[in-house]
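Down below is the structure, laid out as structure tokens.
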Amino acid sequence: MEITFKGKTITLDKELTLYDTLAITFAHILHQQHISYVFVSGYVALLFGRSRVSEDIDMLVEHMSFEKFKDLWDALSADFYCHNASDAQSAYNEYLEQNLALRFSQKNMVIPNVEFKWAWNEQQKHALEQRWSVILNSHELSTSALELQIAFKIYLGSDKDIEDARYLFTLFREHLDLTILQQEIKDLHLSFPTSKKKLGW
């Protein structure tokens, strides 16, 4: 795996996983529809080589009108199906507008799937606004900023999340802005010394 940095763009060349292929295919449709999104949570660690099992890829998406969402739904329907809604209207009104996630899988598959939801709260909107670009084998993906991703994983606090945070911190230590990381941790009301101890920093 080869990784290079330039500002908020990471160029990554590696052997693609099933998760990567799913993310690339889904993101390509969002790009075609001019929709802002960001991949978050466990997939960010998986993208950069962490080895663990996950059933889904989490993403936050800009809030949009029903008309724009309907265009996206129609574009997705060629390659994907939705697990929990049969039509665009119910998907929009009964799930997304109620702050509930939709799940999409490629046809003839169940796992992994994409967990798709609006960026509703300030933290989610912050992740969307501060997203980074990852060029994966010439395919463009948008991910949450590494500092925000690490802080959020500490905030979640499970063993799996802490290991994700430790993995990303160790891999990207030289490229992280520690001032921003500490501010993100502070904004999530975490104790940085305690977090350092849990991470083994």
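By order in the structure tokens, chains are A, B, ...; within a chain, residues start at 1; ligands start at 1, following the order shown.
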- Find the residues near Arg103 of chain A: any atom within 8 Å, counting only C-alpha atoms, skip ones fewer than 6 places away on the same chain, and give them as a PyMOL selection string. chain A and resi 82-84+113-116
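For Glu2 of chain A, the list of residues within 8 Å, based on only C-alpha atoms and with local chain neighbours fewer than 5 positions off taken out, reads Thr11, Leu12, Asp13 and Lys14 of chain A.
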Select from segment 55-138 of chain A every residue with an atom at most 9 Å from any atom of segment 142-163 of chain A, then for each give the shortest pair of atoms and their distance in Å to one decimal, using only C-alpha atoms, rows by chain and rising number, as JSON lines.
{"residue": "A:Met59", "atom": "CA", "partner": "A:Thr143", "partner_atom": "CA", "distance": 8.7}
{"residue": "A:Ala127", "atom": "CA", "partner": "A:Ser144", "partner_atom": "CA", "distance": 5.5}
{"residue": "A:Leu128", "atom": "CA", "partner": "A:Ser144", "partner_atom": "CA", "distance": 7.0}
{"residue": "A:Glu129", "atom": "CA", "partner": "A:Ser144", "partner_atom": "CA", "distance": 8.9}
{"residue": "A:Gln130", "atom": "CA", "partner": "A:Ala145", "partner_atom": "CA", "distance": 6.2}
{"residue": "A:Arg131", "atom": "CA", "partner": "A:Ser144", "partner_atom": "CA", "distance": 4.7}
{"residue": "A:Trp132", "atom": "CA", "partner": "A:Thr143", "partner_atom": "CA", "distance": 5.3}
{"residue": "A:Ser133", "atom": "CA", "partner": "A:Ser142", "partner_atom": "CA", "distance": 4.7}
{"residue": "A:Val134", "atom": "CA", "partner": "A:Ser142", "partner_atom": "CA", "distance": 6.1}
{"residue": "A:Ile135", "atom": "CA", "partner": "A:Ser142", "partner_atom": "CA", "distance": 8.7}
Could you write those residues out with C-alpha atoms, as a tab-separated table (two decimals), in the first residue's frame?
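Below is the file that was written, selection.tsv:
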chain	number	residue	atom	x	y	z
A	59	MET	CA	-21.71	7.77	5.08
A	127	ALA	CA	-17.55	16.30	9.13
A	128	LEU	CA	-19.19	17.04	5.78
A	129	GLU	CA	-17.72	20.54	5.55
A	130	GLN	CA	-14.20	19.46	6.59
A	131	ARG	CA	-14.04	16.37	4.40
A	132	TRP	CA	-10.82	15.21	2.79
A	133	SER	CA	-10.34	13.74	-0.66
A	134	VAL	CA	-8.85	10.27	-1.07
A	135	ILE	CA	-7.72	9.23	-4.53
I want to know what sits within 12 Å of Gln106 of chain A, based on only C-alpha atoms, with residues of the same chain fewer than 4 positions away left out; could you give that as a PDB file with C-alpha atoms, in the first residue's frame?
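The resulting file, result_23.pdb, is shown below:
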ATOM      1  CA  LEU A  18     -14.937  -5.668  -1.352  1.00  0.00           C
ATOM      2  CA  TYR A  19     -15.590  -2.603   0.822  1.00  0.00           C
ATOM      3  CA  THR A  21     -15.312  -1.605  -4.586  1.00  0.00           C
ATOM      4  CA  LEU A  22     -18.668  -0.885  -2.960  1.00  0.00           C
ATOM      5  CA  ALA A  23     -17.547   2.578  -1.835  1.00  0.00           C
ATOM      6  CA  ILE A  24     -16.127   3.462  -5.264  1.00  0.00           C
ATOM      7  CA  THR A  25     -19.266   2.363  -7.113  1.00  0.00           C
ATOM      8  CA  PHE A  26     -21.608   4.203  -4.748  1.00  0.00           C
ATOM      9  CA  LEU A  76     -28.799   4.088  -7.810  1.00  0.00           C
ATOM     10  CA  SER A  77     -31.515   1.648  -8.863  1.00  0.00           C
ATOM     11  CA  ALA A  78     -29.493   0.370 -11.817  1.00  0.00           C
ATOM     12  CA  ASP A  79     -26.868  -1.189  -9.522  1.00  0.00           C
ATOM     13  CA  PHE A  80     -28.295  -1.061  -5.989  1.00  0.00           C
ATOM     14  CA  TYR A  81     -31.392  -1.917  -3.994  1.00  0.00           C
ATOM     15  CA  CYS A  82     -32.549  -0.439  -0.697  1.00  0.00           C
ATOM     16  CA  HIS A  83     -33.040  -2.825   2.245  1.00  0.00           C
ATOM     17  CA  VAL A 110     -26.552  -8.276   1.193  1.00  0.00           C
ATOM     18  CA  ILE A 111     -23.241  -7.634   2.968  1.00  0.00           C
ATOM     19  CA  PRO A 112     -21.479  -5.284   2.920  1.00  0.00           C
ATOM     20  CA  ASN A 113     -23.967  -2.468   2.504  1.00  0.00           C
ATOM     21  CA  VAL A 114     -23.923   1.318   2.588  1.00  0.00           C
TER      22      VAL A 114
END
- Query: Residues of segment 6-188 of chain A in strand (DSSP E) according to DSSP, as a PyMOL selection string?
  - Reply: chain A and resi 6+9-13+37-40+56-61+80-82+102-106+113-118+132-136+139-143
List the neighbours of Phe66 of chain A out to 9 Å using only C-alpha atoms; skip same-chain residues closer than 2 positions along the sequence, and give me the result as a PDB file with C-alpha atoms, in the first residue's frame.
ATOM      1  CA  MET A  64     -31.472  17.653  -0.236  1.00  0.00           C
ATOM      2  CA  LYS A  68     -32.944  15.730  -5.978  1.00  0.00           C
ATOM      3  CA  PHE A  69     -33.141  12.595  -3.863  1.00  0.00           C
ATOM      4  CA  LYS A  70     -35.542  11.010  -6.366  1.00  0.00           C
ATOM      5  CA  ASP A  71     -32.980  11.577  -9.129  1.00  0.00           C
ATOM      6  CA  ALA A  88     -38.115   7.003  -3.064  1.00  0.00           C
ATOM      7  CA  GLN A  89     -41.062   8.682  -1.332  1.00  0.00           C
ATOM      8  CA  TYR A  92     -37.277  10.111   1.998  1.00  0.00           C
ATOM      9  CA  ASN A  93     -40.241  10.754   4.306  1.00  0.00           C
TER      10      ASN A  93
END
- Would you mind reading off the distance between atom CA of His139 of chain A and atom CA of His28 of chain A, one decimal, in Å?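 Taking atom CA of His139 of chain A as the start and atom CA of His28 of chain A as the end point, the length is 8.3 Å.
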- Task: Enumerate the residues of chain A with a DSSP assignment of helix (DSSP H, G or I), computed from the backbone, and present them as JSON, numbers by chain.
- Result: {"A": [18, 19, 20, 21, 22, 23, 24, 25, 26, 27, 28, 29, 30, 31, 32, 42, 43, 44, 45, 46, 47, 66, 67, 68, 69, 70, 71, 72, 73, 74, 75, 76, 88, 89, 90, 91, 92, 93, 94, 95, 96, 97, 98, 122, 123, 124, 125, 126, 127, 128, 129, 146, 147, 148, 149, 150, 151, 152, 153, 154, 155, 156, 159, 160, 161, 162, 163, 164, 165, 166, 167, 168, 169, 170, 171, 172, 173, 174, 175, 178, 179, 180, 181, 182, 183, 184, 185, 186, 187, 192, 193, 194, 195, 196, 197, 198, 199]}
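Put simply, atom CA of Ser90 of chain A is 27.8 Å away from atom CA of Gly42 of chain A.
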- Message: Calculated over only C-alpha atoms, which of the candidates A:Ala119, A:Leu96, A:Ala45, A:Leu178 has the smallest distance to Val61 of chain A?
- Response: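 Ranked by minimum distance to Val61 of chain A, first place goes to A:Ala119.
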- Query: What lies within 9 Å of Leu47 of chain A using only C-alpha atoms, ignoring chain neighbours under 4 positions off, as JSON, numbers by chain?
  - Reply: {"A": [16, 17, 19, 20, 42, 43, 136]}
Could you please take those selected residues and save C-alpha atoms as a short mmCIF file (atom, residue, chain, number, x, y, z; two decimals), in the first residue's frame?
data_model
loop_
_atom_site.label_atom_id
_atom_site.label_comp_id
_atom_site.auth_asym_id
_atom_site.auth_seq_id
_atom_site.Cartn_x
_atom_site.Cartn_y
_atom_site.Cartn_z
CA LEU A 16 -9.04 -3.16 -3.58
CA THR A 17 -11.23 -4.91 -1.04
CA TYR A 19 -15.59 -2.60 0.82
CA ASP A 20 -13.51 -0.42 -1.48
CA GLY A 42 -15.10 2.11 10.50
CA TYR A 43 -14.65 2.29 6.75
CA LEU A 136 -7.95 5.46 -4.35
#
- With only C-alpha atoms as the atoms that count, which of A:Glu184, A:Glu94, A:Asp164, A:Glu62 lies nearest to Lys125 of chain A? A:Glu62
- Query: What separation in Å, quoted to one decimal, exists between atom CA of Val40 of chain A and atom CA of Ser86 of chain A?
  - Reply: 25.5 Å
